[in-house]
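Dumped input-v6.cif below, it's mmCIF, C-alpha atoms; chains and numbers go by the auth columns:
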```cif
data_target
loop_
_atom_site.group_PDB
_atom_site.id
_atom_site.type_symbol
_atom_site.label_atom_id
_atom_site.label_comp_id
_atom_site.label_asym_id
_atom_site.label_seq_id
_atom_site.Cartn_x
_atom_site.Cartn_y
_atom_site.Cartn_z
_atom_site.B_iso_or_equiv
_atom_site.auth_seq_id
_atom_site.auth_asym_id
ATOM 1 C CA MET A 1 39.150 145.118 349.482 0.00 30 K
ATOM 2 C CA THR A 2 39.681 141.583 348.214 0.00 31 K
ATOM 3 C CA PRO A 3 42.009 141.596 345.177 0.00 32 K
ATOM 4 C CA ALA A 4 40.448 140.532 341.902 0.00 33 K
ATOM 5 C CA TRP A 5 40.958 136.890 341.045 0.00 34 K
ATOM 6 C CA PRO A 6 42.580 135.808 338.869 0.00 35 K
ATOM 7 C CA PRO A 7 45.070 138.693 338.769 0.00 36 K
ATOM 8 C CA ARG A 8 45.791 140.224 335.369 0.00 37 K
ATOM 9 C CA SER A 9 49.439 139.229 335.807 0.00 38 K
ATOM 10 C CA ALA A 10 48.635 135.494 335.943 0.00 39 K
ATOM 11 C CA PRO A 11 50.609 133.498 333.353 0.00 40 K
ATOM 12 C CA ARG A 12 48.650 132.181 330.386 0.00 41 K
ATOM 13 C CA LEU A 13 49.171 128.880 328.568 0.00 42 K
ATOM 14 C CA PHE A 14 47.514 126.688 325.963 0.00 43 K
ATOM 15 C CA VAL A 15 47.255 123.011 326.862 0.00 44 K
ATOM 16 C CA HIS A 16 46.463 119.923 324.790 0.00 45 K
ATOM 17 C CA VAL A 17 43.807 118.423 327.064 0.00 46 K
ATOM 18 C CA PRO A 18 40.140 119.436 327.422 0.00 47 K
ATOM 19 C CA LEU A 19 39.586 121.520 330.557 0.00 48 K
ATOM 20 C CA THR A 20 36.838 120.714 333.044 0.00 49 K
ATOM 21 C CA ASP A 21 35.848 122.380 336.304 0.00 50 K
ATOM 22 C CA GLY A 22 37.692 120.762 339.214 0.00 51 K
ATOM 23 C CA VAL A 23 39.651 118.228 337.161 0.00 52 K
ATOM 24 C CA PRO A 24 43.423 118.589 337.795 0.00 53 K
ATOM 25 C CA VAL A 25 45.732 119.254 334.852 0.00 54 K
ATOM 26 C CA LEU A 26 49.362 118.093 334.799 0.00 55 K
ATOM 27 C CA ILE A 27 51.799 120.516 333.167 0.00 56 K
ATOM 28 C CA GLU A 28 55.256 119.211 332.263 0.00 57 K
ATOM 29 C CA GLY A 29 58.312 120.014 330.175 0.00 58 K
ATOM 30 C CA ALA A 30 58.978 123.508 328.871 0.00 59 K
ATOM 31 C CA GLN A 31 55.653 124.842 330.149 0.00 60 K
ATOM 32 C CA ALA A 32 56.403 123.641 333.699 0.00 61 K
ATOM 33 C CA HIS A 33 59.875 125.174 333.471 0.00 62 K
ATOM 34 C CA TYR A 34 58.335 128.469 332.382 0.00 63 K
ATOM 35 C CA LEU A 35 55.866 128.494 335.273 0.00 64 K
ATOM 36 C CA VAL A 36 58.350 127.460 337.985 0.00 65 K
ATOM 37 C CA ARG A 37 61.640 128.974 336.879 0.00 66 K
ATOM 38 C CA VAL A 38 60.498 132.071 334.955 0.00 67 K
ATOM 39 C CA MET A 39 57.175 133.049 336.535 0.00 68 K
ATOM 40 C CA ARG A 40 58.073 131.683 340.001 0.00 69 K
ATOM 41 C CA ILE A 41 54.601 130.330 340.635 0.00 70 K
ATOM 42 C CA ALA A 42 53.802 128.644 343.937 0.00 71 K
ATOM 43 C CA VAL A 43 50.960 126.590 345.389 0.00 72 K
ATOM 44 C CA GLY A 44 47.812 128.714 345.496 0.00 73 K
ATOM 45 C CA ASP A 45 48.832 131.004 342.617 0.00 74 K
ATOM 46 C CA ALA A 46 46.607 131.539 339.581 0.00 75 K
ATOM 47 C CA VAL A 47 47.347 130.291 336.060 0.00 76 K
ATOM 48 C CA ILE A 48 45.143 130.942 333.017 0.00 77 K
ATOM 49 C CA LEU A 49 44.718 127.934 330.738 0.00 78 K
ATOM 50 C CA CYS A 50 43.101 127.618 327.309 0.00 79 K
ATOM 51 C CA ASP A 51 42.432 124.342 325.507 0.00 80 K
ATOM 52 C CA ASP A 52 41.358 125.673 322.063 0.00 81 K
ATOM 53 C CA LEU A 53 38.059 123.919 322.696 0.00 82 K
ATOM 54 C CA THR A 54 36.110 125.153 325.709 0.00 83 K
ATOM 55 C CA GLY A 55 37.740 128.549 326.101 0.00 84 K
ATOM 56 C CA GLU A 56 39.600 130.156 328.987 0.00 85 K
ATOM 57 C CA TRP A 57 39.846 128.877 332.560 0.00 86 K
ATOM 58 C CA ALA A 58 41.271 130.446 335.683 0.00 87 K
ATOM 59 C CA CYS A 59 43.124 127.697 337.531 0.00 88 K
ATOM 60 C CA ARG A 60 44.805 127.416 340.921 0.00 89 K
ATOM 61 C CA VAL A 61 48.170 125.731 341.421 0.00 90 K
ATOM 62 C CA SER A 62 47.855 122.695 343.690 0.00 91 K
ATOM 63 C CA GLU A 63 51.378 121.284 343.234 0.00 92 K
ATOM 64 C CA ALA A 64 54.554 123.025 342.040 0.00 93 K
ATOM 65 C CA GLY A 65 57.528 120.706 341.645 0.00 94 K
ATOM 66 C CA LYS A 66 60.780 121.224 339.774 0.00 95 K
ATOM 67 C CA ARG A 67 59.582 119.402 336.650 0.00 96 K
ATOM 68 C CA GLU A 68 55.814 119.184 337.049 0.00 97 K
ATOM 69 C CA VAL A 69 53.013 121.540 337.957 0.00 98 K
ATOM 70 C CA VAL A 70 49.435 120.548 338.761 0.00 99 K
ATOM 71 C CA VAL A 71 46.676 123.116 338.427 0.00 100 K
ATOM 72 C CA VAL A 72 42.943 122.838 339.046 0.00 101 K
ATOM 73 C CA PRO A 73 40.417 124.746 336.888 0.00 102 K
ATOM 74 C CA GLU A 74 38.119 126.808 339.116 0.00 103 K
ATOM 75 C CA LEU A 75 36.504 129.469 336.918 0.00 104 K
ATOM 76 C CA HIS A 76 35.395 129.236 333.291 0.00 105 K
ATOM 77 C CA SER A 77 36.014 132.882 332.467 0.00 106 K
ATOM 78 C CA ARG A 78 35.519 132.955 328.676 0.00 107 K
ATOM 79 C CA MET A 79 34.125 130.727 325.962 0.00 108 K
ATOM 80 C CA ARG A 80 36.279 129.980 322.928 0.00 109 K
ATOM 81 C CA GLU A 81 36.199 133.066 320.725 0.00 110 K
ATOM 82 C CA ALA A 82 34.316 133.228 317.435 0.00 111 K
ATOM 83 C CA VAL A 83 36.935 133.354 314.682 0.00 112 K
ATOM 84 C CA PRO A 84 36.263 135.141 311.360 0.00 113 K
ATOM 85 C CA ASP A 85 36.398 132.849 308.334 0.00 114 K
ATOM 86 C CA PHE A 86 39.610 134.335 306.996 0.00 115 K
ATOM 87 C CA LEU A 87 42.490 132.375 305.477 0.00 116 K
ATOM 88 C CA LEU A 88 45.899 134.013 305.127 0.00 117 K
ATOM 89 C CA VAL A 89 47.964 132.579 302.251 0.00 118 K
ATOM 90 C CA PRO A 90 51.458 134.075 302.595 0.00 119 K
ATOM 91 C CA ALA A 91 54.305 133.034 300.326 0.00 120 K
ATOM 92 C CA LEU A 92 57.251 131.671 302.299 0.00 121 K
ATOM 93 C CA LEU A 93 59.844 134.262 303.296 0.00 122 K
ATOM 94 C CA LYS A 94 63.191 134.161 305.047 0.00 123 K
ATOM 95 C CA LYS A 95 62.847 132.621 308.492 0.00 124 K
ATOM 96 C CA ASP A 96 62.784 135.753 310.652 0.00 125 K
ATOM 97 C CA ARG A 97 60.385 137.550 308.330 0.00 126 K
ATOM 98 C CA PHE A 98 57.993 134.618 308.114 0.00 127 K
ATOM 99 C CA ASP A 99 58.133 134.261 311.902 0.00 128 K
ATOM 100 C CA LEU A 100 56.837 137.827 312.052 0.00 129 K
ATOM 101 C CA VAL A 101 53.969 136.976 309.683 0.00 130 K
ATOM 102 C CA LEU A 102 52.951 133.995 311.834 0.00 131 K
ATOM 103 C CA GLU A 103 53.107 136.034 315.025 0.00 132 K
ATOM 104 C CA LYS A 104 51.179 139.056 313.772 0.00 133 K
ATOM 105 C CA ALA A 105 48.597 137.010 311.866 0.00 134 K
ATOM 106 C CA THR A 106 47.808 135.240 315.120 0.00 135 K
ATOM 107 C CA GLU A 107 47.558 138.520 317.024 0.00 136 K
ATOM 108 C CA LEU A 108 45.244 139.964 314.357 0.00 137 K
ATOM 109 C CA GLY A 109 42.771 137.094 314.686 0.00 138 K
ATOM 110 C CA VAL A 110 43.427 134.983 311.586 0.00 139 K
ATOM 111 C CA GLY A 111 41.571 131.689 311.633 0.00 140 K
ATOM 112 C CA ARG A 112 43.851 129.701 309.342 0.00 141 K
ATOM 113 C CA ILE A 113 47.269 130.117 307.740 0.00 142 K
ATOM 114 C CA GLN A 114 48.210 128.350 304.492 0.00 143 K
ATOM 115 C CA PRO A 115 51.895 128.874 303.604 0.00 144 K
ATOM 116 C CA VAL A 116 52.569 128.701 299.869 0.00 145 K
ATOM 117 C CA ILE A 117 55.674 128.298 297.707 0.00 146 K
ATOM 118 C CA THR A 118 56.055 130.425 294.576 0.00 147 K
ATOM 119 C CA ARG A 119 58.837 130.509 291.987 0.00 148 K
ATOM 120 C CA ARG A 120 60.658 133.424 293.579 0.00 149 K
ATOM 121 C CA CYS A 121 60.480 132.168 297.162 0.00 150 K
ATOM 122 C CA VAL A 122 63.887 132.193 298.854 0.00 151 K
ATOM 123 C CA ALA A 123 62.693 129.574 301.360 0.00 152 K
ATOM 124 C CA ASP A 124 61.247 126.258 300.222 0.00 153 K
ATOM 125 C CA LYS A 125 60.328 124.614 303.524 0.00 154 K
ATOM 126 C CA LEU A 126 58.913 125.455 306.928 0.00 155 K
ATOM 127 C CA ASN A 127 59.718 123.914 310.298 0.00 156 K
ATOM 128 C CA GLY A 128 56.187 123.028 311.343 0.00 157 K
ATOM 129 C CA GLU A 129 56.975 122.470 315.015 0.00 158 K
ATOM 130 C CA ARG A 130 58.763 125.800 315.318 0.00 159 K
ATOM 131 C CA ALA A 131 55.986 127.571 313.421 0.00 160 K
ATOM 132 C CA ARG A 132 53.381 126.064 315.727 0.00 161 K
ATOM 133 C CA THR A 133 55.331 127.240 318.776 0.00 162 K
ATOM 134 C CA ILE A 134 55.386 130.806 317.416 0.00 163 K
ATOM 135 C CA VAL A 135 51.631 130.716 316.811 0.00 164 K
ATOM 136 C CA VAL A 136 50.861 129.342 320.283 0.00 165 K
ATOM 137 C CA GLU A 137 53.098 131.842 322.058 0.00 166 K
ATOM 138 C CA ALA A 138 51.551 134.714 320.095 0.00 167 K
ATOM 139 C CA ALA A 139 48.056 133.529 321.026 0.00 168 K
ATOM 140 C CA GLU A 140 49.046 133.368 324.691 0.00 169 K
ATOM 141 C CA GLN A 141 50.538 136.875 324.592 0.00 170 K
ATOM 142 C CA CYS A 142 47.469 138.515 323.021 0.00 171 K
ATOM 143 C CA ALA A 143 44.909 136.570 325.120 0.00 172 K
ATOM 144 C CA ARG A 144 43.327 134.636 322.274 0.00 173 K
ATOM 145 C CA THR A 145 41.215 131.643 323.235 0.00 174 K
ATOM 146 C CA ALA A 146 41.438 130.017 319.779 0.00 175 K
ATOM 147 C CA LEU A 147 44.522 128.963 317.877 0.00 176 K
ATOM 148 C CA PRO A 148 44.760 129.510 314.131 0.00 177 K
ATOM 149 C CA GLU A 149 45.032 126.365 312.051 0.00 178 K
ATOM 150 C CA LEU A 150 48.450 126.020 310.423 0.00 179 K
ATOM 151 C CA ASP A 151 48.367 124.069 307.168 0.00 180 K
ATOM 152 C CA LEU A 152 51.201 122.228 305.463 0.00 181 K
ATOM 153 C CA VAL A 153 53.138 124.192 302.854 0.00 182 K
ATOM 154 C CA VAL A 154 51.852 123.773 299.276 0.00 183 K
ATOM 155 C CA LYS A 155 53.018 124.985 295.880 0.00 184 K
ATOM 156 C CA LEU A 156 51.045 127.750 294.212 0.00 185 K
ATOM 157 C CA ASP A 157 49.807 125.583 291.341 0.00 186 K
ATOM 158 C CA VAL A 158 48.425 123.026 293.794 0.00 187 K
ATOM 159 C CA LEU A 159 46.773 125.769 295.827 0.00 188 K
ATOM 160 C CA LEU A 160 45.007 127.149 292.752 0.00 189 K
ATOM 161 C CA ARG A 161 44.063 123.711 291.430 0.00 190 K
ATOM 162 C CA ASP A 162 42.374 122.745 294.687 0.00 191 K
ATOM 163 C CA TRP A 163 40.869 126.135 295.527 0.00 192 K
ATOM 164 C CA ASN A 164 37.516 126.111 297.328 0.00 193 K
ATOM 165 C CA PRO A 165 34.999 127.612 294.853 0.00 194 K
ATOM 166 C CA HIS A 166 33.062 129.172 297.749 0.00 195 K
ATOM 167 C CA ARG A 167 35.995 131.219 299.098 0.00 196 K
ATOM 168 C CA THR A 168 37.027 134.573 297.634 0.00 197 K
ATOM 169 C CA LEU A 169 40.778 134.845 297.031 0.00 198 K
ATOM 170 C CA PHE A 170 41.986 138.414 297.392 0.00 199 K
ATOM 171 C CA PHE A 171 45.259 138.653 295.490 0.00 200 K
ATOM 172 C CA ALA A 172 47.673 141.351 296.632 0.00 201 K
ATOM 173 C CA ASP A 173 49.046 142.243 293.209 0.00 202 K
ATOM 174 C CA GLU A 174 51.833 144.813 293.116 0.00 203 K
ATOM 175 C CA THR A 175 50.861 145.697 289.544 0.00 204 K
ATOM 176 C CA GLY A 176 47.503 146.993 290.732 0.00 205 K
ATOM 177 C CA GLY A 177 43.941 146.055 291.471 0.00 206 K
ATOM 178 C CA GLU A 178 40.828 147.225 293.258 0.00 207 K
ATOM 179 C CA PRO A 179 41.539 149.257 296.425 0.00 208 K
ATOM 180 C CA ALA A 180 41.767 146.715 299.232 0.00 209 K
ATOM 181 C CA MET A 181 39.295 148.247 301.701 0.00 210 K
ATOM 182 C CA ALA A 182 36.598 148.633 299.060 0.00 211 K
ATOM 183 C CA ALA A 183 37.116 145.108 297.766 0.00 212 K
ATOM 184 C CA PHE A 184 37.017 143.585 301.252 0.00 213 K
ATOM 185 C CA ALA A 185 33.839 145.442 302.179 0.00 214 K
ATOM 186 C CA ALA A 186 32.105 144.470 298.931 0.00 215 K
ATOM 187 C CA HIS A 187 32.610 140.707 299.287 0.00 216 K
ATOM 188 C CA SER A 188 30.930 138.843 302.125 0.00 217 K
ATOM 189 C CA GLY A 189 31.492 135.234 303.058 0.00 218 K
ATOM 190 C CA PRO A 190 34.641 133.118 303.402 0.00 219 K
ATOM 191 C CA ALA A 191 37.733 135.044 302.353 0.00 220 K
ATOM 192 C CA ALA A 192 41.450 134.566 301.807 0.00 221 K
ATOM 193 C CA LEU A 193 44.397 136.869 301.185 0.00 222 K
ATOM 194 C CA LEU A 194 47.327 135.785 299.008 0.00 223 K
ATOM 195 C CA THR A 195 50.585 137.710 299.417 0.00 224 K
ATOM 196 C CA GLY A 196 53.870 137.232 297.594 0.00 225 K
ATOM 197 C CA PRO A 197 57.532 136.467 298.318 0.00 226 K
ATOM 198 C CA GLU A 198 60.552 138.801 298.410 0.00 227 K
ATOM 199 C CA GLY A 199 60.769 138.949 294.620 0.00 228 K
ATOM 200 C CA GLY A 200 57.053 139.122 293.982 0.00 229 K
ATOM 201 C CA PHE A 201 55.028 136.910 291.637 0.00 230 K
ATOM 202 C CA ASP A 202 56.249 136.304 288.101 0.00 231 K
ATOM 203 C CA GLU A 203 54.037 137.001 285.096 0.00 232 K
ATOM 204 C CA ALA A 204 52.956 133.381 284.620 0.00 233 K
ATOM 205 C CA GLU A 205 51.924 133.095 288.279 0.00 234 K
ATOM 206 C CA ARG A 206 50.087 136.395 288.145 0.00 235 K
ATOM 207 C CA ALA A 207 48.164 135.243 285.067 0.00 236 K
ATOM 208 C CA ALA A 208 47.301 131.903 286.691 0.00 237 K
ATOM 209 C CA ILE A 209 46.004 133.604 289.830 0.00 238 K
ATOM 210 C CA ARG A 210 43.943 136.135 287.907 0.00 239 K
ATOM 211 C CA ALA A 211 42.448 133.286 285.840 0.00 240 K
ATOM 212 C CA LEU A 212 40.945 131.748 288.970 0.00 241 K
ATOM 213 C CA PRO A 213 37.221 132.675 289.018 0.00 242 K
ATOM 214 C CA GLN A 214 37.330 133.393 292.756 0.00 243 K
ATOM 215 C CA ALA A 215 40.367 135.700 292.528 0.00 244 K
ATOM 216 C CA VAL A 216 39.982 139.429 293.165 0.00 245 K
ATOM 217 C CA PRO A 217 43.194 141.400 292.490 0.00 246 K
ATOM 218 C CA ILE A 218 43.640 144.160 295.051 0.00 247 K
ATOM 219 C CA SER A 219 45.994 147.046 295.696 0.00 248 K
ATOM 220 C CA LEU A 220 47.539 147.709 299.108 0.00 249 K
ATOM 221 C CA GLY A 221 48.444 151.272 298.233 0.00 250 K
ATOM 222 C CA PRO A 222 50.831 153.206 296.001 0.00 251 K
ATOM 223 C CA ARG A 223 54.048 151.656 297.396 0.00 252 K
ATOM 224 C CA VAL A 224 55.533 148.191 296.837 0.00 253 K
ATOM 225 C CA LEU A 225 55.407 146.448 300.211 0.00 254 K
ATOM 226 C CA ARG A 226 57.689 143.740 301.524 0.00 255 K
ATOM 227 C CA GLY A 227 56.098 140.319 301.787 0.00 256 K
ATOM 228 C CA GLU A 228 55.680 140.423 305.563 0.00 257 K
ATOM 229 C CA THR A 229 54.307 143.979 305.460 0.00 258 K
ATOM 230 C CA ALA A 230 51.739 143.068 302.798 0.00 259 K
ATOM 231 C CA ALA A 231 50.529 140.055 304.776 0.00 260 K
ATOM 232 C CA ILE A 232 50.202 141.998 308.030 0.00 261 K
ATOM 233 C CA ALA A 233 48.740 145.182 306.547 0.00 262 K
ATOM 234 C CA GLY A 234 46.315 143.287 304.315 0.00 263 K
ATOM 235 C CA THR A 235 45.087 141.195 307.209 0.00 264 K
ATOM 236 C CA ALA A 236 44.529 144.282 309.354 0.00 265 K
ATOM 237 C CA LEU A 237 42.559 145.944 306.557 0.00 266 K
ATOM 238 C CA TRP A 238 40.347 142.875 306.100 0.00 267 K
ATOM 239 C CA MET A 239 39.646 142.687 309.827 0.00 268 K
ATOM 240 C CA ALA A 240 38.643 146.359 309.793 0.00 269 K
ATOM 241 C CA ALA A 241 36.485 146.140 306.662 0.00 270 K
ATOM 242 C CA ALA A 242 34.899 142.692 306.935 0.00 271 K
ATOM 243 C CA GLY A 243 36.193 140.933 310.047 0.00 272 K
ATOM 244 C CA ASP A 244 35.637 141.300 313.781 0.00 273 K
ATOM 245 C CA TRP A 245 37.043 144.823 314.092 0.00 274 K
ATOM 246 C CA LYS A 246 33.861 146.351 312.689 0.00 275 K
#
```

Rewritten as structure tokens:
Amino acid sequence: MTPAWPPRSAPRLFVHVPLTDGVPVLIEGAQAHYLVRVMRIAVGDAVILCDDLTGEWACRVSEAGKREVVVVPELHSRMREAVPDFLLVPALLKKDRFDLVLEKATELGVGRIQPVITRRCVADKLNGERARTIVVEAAEQCARTALPELDLVVKLDVLLRDWNPHRTLFFADETGGEPAMAAFAAHSGPAALLTGPEGGFDEAERAAIRALPQAVPISLGPRVLRGETAAIAGTALWMAAAGDWK
């Protein structure tokens, strides 16, 4: 029997150019190094490319040099996925913990990530290039065909001041709120989840958030969760109750 093509083991990459049937794509730099040195691809091998625009393409390697690889799209295997209108608003955490939030949010299907700074945040900045790399690599690993948008970091007061009146803001409040699953299921339309930093929100921040007309305080259970756990668990619950896991 003829083996299935492309094989499931074919490497997967996102590229920055629109993909078109039969039009060669030049891959350079770190991605070429990964294909040649790590994956040991050769002429004729399959590579899966996504462009965050048209979807997923099975491509065949036509040239494999030390620093450059040329592949040719041959099969448009999937359209770009439909992404639920869900915005994750995680407070900045220590680097390794926030890396985990970025990675798992991408795997869970988040459409947009808006990092926020609160008074008790240990971190006050985010390396955007590094964060983008984490998001892209996570999308490649879990076979997404759409990349989440990654917004610039903003302070909490700016976030609340400029909040979209048509988007519900679910606020993971450690002092209590409506059970998360019930709240998610009861509110249709564009949604967001705000989670806190290592030290939680202070009383003034909590009052400001609750004063926002679109805010819905929720509970993520009887235990106080770490910031990264709240962001990941809350996102999973929303996907199950109102997102594309239904």

Residue members of the PyMOL selection byres ((chain K and resi 127-130) around 12) in the file shown, as a ChimeraX atom specification | /K:117-126,131-137,139,142-145,150-157,159-164,166-167,224-227,255-265

Can you spit out the residues from that selection as a PDB file, in the frame of the given file, using C-alpha atoms?
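Result saved to again.pdb:
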```pdb
ATOM      1  CA  LEU K 117      45.899 134.013 305.127  1.00  0.00           C
ATOM      2  CA  VAL K 118      47.964 132.579 302.251  1.00  0.00           C
ATOM      3  CA  PRO K 119      51.458 134.075 302.595  1.00  0.00           C
ATOM      4  CA  ALA K 120      54.305 133.034 300.326  1.00  0.00           C
ATOM      5  CA  LEU K 121      57.251 131.671 302.299  1.00  0.00           C
ATOM      6  CA  LEU K 122      59.844 134.262 303.296  1.00  0.00           C
ATOM      7  CA  LYS K 123      63.191 134.161 305.047  1.00  0.00           C
ATOM      8  CA  LYS K 124      62.847 132.621 308.492  1.00  0.00           C
ATOM      9  CA  ASP K 125      62.784 135.753 310.652  1.00  0.00           C
ATOM     10  CA  ARG K 126      60.385 137.550 308.330  1.00  0.00           C
ATOM     11  CA  LEU K 131      52.951 133.995 311.834  1.00  0.00           C
ATOM     12  CA  GLU K 132      53.107 136.034 315.025  1.00  0.00           C
ATOM     13  CA  LYS K 133      51.179 139.056 313.772  1.00  0.00           C
ATOM     14  CA  ALA K 134      48.597 137.010 311.866  1.00  0.00           C
ATOM     15  CA  THR K 135      47.808 135.240 315.120  1.00  0.00           C
ATOM     16  CA  GLU K 136      47.558 138.520 317.024  1.00  0.00           C
ATOM     17  CA  LEU K 137      45.244 139.964 314.357  1.00  0.00           C
ATOM     18  CA  VAL K 139      43.427 134.983 311.586  1.00  0.00           C
ATOM     19  CA  ILE K 142      47.269 130.117 307.740  1.00  0.00           C
ATOM     20  CA  GLN K 143      48.210 128.350 304.492  1.00  0.00           C
ATOM     21  CA  PRO K 144      51.895 128.874 303.604  1.00  0.00           C
ATOM     22  CA  VAL K 145      52.569 128.701 299.869  1.00  0.00           C
ATOM     23  CA  CYS K 150      60.480 132.168 297.162  1.00  0.00           C
ATOM     24  CA  VAL K 151      63.887 132.193 298.854  1.00  0.00           C
ATOM     25  CA  ALA K 152      62.693 129.574 301.360  1.00  0.00           C
ATOM     26  CA  ASP K 153      61.247 126.258 300.222  1.00  0.00           C
ATOM     27  CA  LYS K 154      60.328 124.614 303.524  1.00  0.00           C
ATOM     28  CA  LEU K 155      58.913 125.455 306.928  1.00  0.00           C
ATOM     29  CA  ASN K 156      59.718 123.914 310.298  1.00  0.00           C
ATOM     30  CA  GLY K 157      56.187 123.028 311.343  1.00  0.00           C
ATOM     31  CA  ARG K 159      58.763 125.800 315.318  1.00  0.00           C
ATOM     32  CA  ALA K 160      55.986 127.571 313.421  1.00  0.00           C
ATOM     33  CA  ARG K 161      53.381 126.064 315.727  1.00  0.00           C
ATOM     34  CA  THR K 162      55.331 127.240 318.776  1.00  0.00           C
ATOM     35  CA  ILE K 163      55.386 130.806 317.416  1.00  0.00           C
ATOM     36  CA  VAL K 164      51.631 130.716 316.811  1.00  0.00           C
ATOM     37  CA  GLU K 166      53.098 131.842 322.058  1.00  0.00           C
ATOM     38  CA  ALA K 167      51.551 134.714 320.095  1.00  0.00           C
ATOM     39  CA  THR K 224      50.585 137.710 299.417  1.00  0.00           C
ATOM     40  CA  GLY K 225      53.870 137.232 297.594  1.00  0.00           C
ATOM     41  CA  PRO K 226      57.532 136.467 298.318  1.00  0.00           C
ATOM     42  CA  GLU K 227      60.552 138.801 298.410  1.00  0.00           C
ATOM     43  CA  ARG K 255      57.689 143.740 301.524  1.00  0.00           C
ATOM     44  CA  GLY K 256      56.098 140.319 301.787  1.00  0.00           C
ATOM     45  CA  GLU K 257      55.680 140.423 305.563  1.00  0.00           C
ATOM     46  CA  THR K 258      54.307 143.979 305.460  1.00  0.00           C
ATOM     47  CA  ALA K 259      51.739 143.068 302.798  1.00  0.00           C
ATOM     48  CA  ALA K 260      50.529 140.055 304.776  1.00  0.00           C
ATOM     49  CA  ILE K 261      50.202 141.998 308.030  1.00  0.00           C
ATOM     50  CA  ALA K 262      48.740 145.182 306.547  1.00  0.00           C
ATOM     51  CA  GLY K 263      46.315 143.287 304.315  1.00  0.00           C
ATOM     52  CA  THR K 264      45.087 141.195 307.209  1.00  0.00           C
ATOM     53  CA  ALA K 265      44.529 144.282 309.354  1.00  0.00           C
TER      54      ALA K 265
END
```

When the PyMOL selection byres ((chain K and resi 57-65) around 12) is applied to the file above, which residues end up in the set, as a ChimeraX atom specification?
-> /K:39-45,54-56,66-72,74-78,90,92-100,162,165-166

Just write the chosen residues, C-alpha atoms, as a compact mmCIF listing (two decimals), in the coordinates of the input.
```txt
# COMPACT_ATOMS: atom_id res chain seq x y z
CA ALA K 39 48.64 135.49 335.94
CA PRO K 40 50.61 133.50 333.35
CA ARG K 41 48.65 132.18 330.39
CA LEU K 42 49.17 128.88 328.57
CA PHE K 43 47.51 126.69 325.96
CA VAL K 44 47.26 123.01 326.86
CA HIS K 45 46.46 119.92 324.79
CA VAL K 54 45.73 119.25 334.85
CA LEU K 55 49.36 118.09 334.80
CA ILE K 56 51.80 120.52 333.17
CA ARG K 66 61.64 128.97 336.88
CA VAL K 67 60.50 132.07 334.96
CA MET K 68 57.18 133.05 336.54
CA ARG K 69 58.07 131.68 340.00
CA ILE K 70 54.60 130.33 340.64
CA ALA K 71 53.80 128.64 343.94
CA VAL K 72 50.96 126.59 345.39
CA ASP K 74 48.83 131.00 342.62
CA ALA K 75 46.61 131.54 339.58
CA VAL K 76 47.35 130.29 336.06
CA ILE K 77 45.14 130.94 333.02
CA LEU K 78 44.72 127.93 330.74
CA VAL K 90 48.17 125.73 341.42
CA GLU K 92 51.38 121.28 343.23
CA ALA K 93 54.55 123.02 342.04
CA GLY K 94 57.53 120.71 341.64
CA LYS K 95 60.78 121.22 339.77
CA ARG K 96 59.58 119.40 336.65
CA GLU K 97 55.81 119.18 337.05
CA VAL K 98 53.01 121.54 337.96
CA VAL K 99 49.44 120.55 338.76
CA VAL K 100 46.68 123.12 338.43
CA THR K 162 55.33 127.24 318.78
CA VAL K 165 50.86 129.34 320.28
CA GLU K 166 53.10 131.84 322.06
```

Which of K:Arg149, K:Met268, K:Ala172, K:Gly140 sits closest to K:Arg107 [using only C-alpha atoms] |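 That would be K:Ala172, the residue with the smallest distance to K:Arg107.
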
Would you write out, as a compact mmCIF listing (two decimals) with C-alpha atoms, in the frame of the given file, every residue that the PyMOL selection byres ((chain K and resi 192) around 12) captures in this file?
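Okay, this is what ended up in selection_13.txt:
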```txt
# COMPACT_ATOMS: atom_id res chain seq x y z
CA LEU K 116 42.49 132.38 305.48
CA VAL K 118 47.96 132.58 302.25
CA GLN K 143 48.21 128.35 304.49
CA VAL K 183 51.85 123.77 299.28
CA LEU K 185 51.04 127.75 294.21
CA ASP K 186 49.81 125.58 291.34
CA VAL K 187 48.42 123.03 293.79
CA LEU K 188 46.77 125.77 295.83
CA LEU K 189 45.01 127.15 292.75
CA ARG K 190 44.06 123.71 291.43
CA ASP K 191 42.37 122.74 294.69
CA ASN K 193 37.52 126.11 297.33
CA PRO K 194 35.00 127.61 294.85
CA HIS K 195 33.06 129.17 297.75
CA ARG K 196 35.99 131.22 299.10
CA THR K 197 37.03 134.57 297.63
CA LEU K 198 40.78 134.84 297.03
CA ALA K 220 37.73 135.04 302.35
CA ALA K 221 41.45 134.57 301.81
CA ILE K 238 46.00 133.60 289.83
CA LEU K 241 40.94 131.75 288.97
CA PRO K 242 37.22 132.68 289.02
CA GLN K 243 37.33 133.39 292.76
CA ALA K 244 40.37 135.70 292.53
```

Determine, counting only C-alpha atoms, which protein, DNA and RNA residues have an atom within 7 Å of an atom of K:Pro113; residues of the same chain fewer than 2 positions away are not included. Present the result as a list of chain:residue names.
-> K:Ala111, K:Phe115, K:Gly140, K:Gly272, K:Asp273

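Atom CA of K:Ser106 is positioned 19.2 Å from atom CA of K:Ser91.
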
Would you mind reading off the distance between atom CA of K:Pro47 and atom CA of K:Thr83, one decimal, in Å?
->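 Atom-to-atom, atom CA of K:Pro47 to atom CA of K:Thr83, that is 7.2 Å.
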
Please indicate the distance in Å from atom CA of K:Ala212 to atom CA of K:Ile247, rounded to one decimal place.
->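 So the two atoms, atom CA of K:Ala212 and atom CA of K:Ile247, lie 7.1 Å apart.
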
Could you tell me which of K:Ala237, K:Cys171, K:Val245, K:Ala214 comes closest to K:Phe200 if we count all atoms listed in the file?
->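 That would be K:Val245, the residue with the smallest distance to K:Phe200.
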
Which of these residues is nearest to K:Phe213, using all atoms listed in the file: K:Pro53, K:Pro246, K:Pro35, K:Gly228?
-> K:Pro246
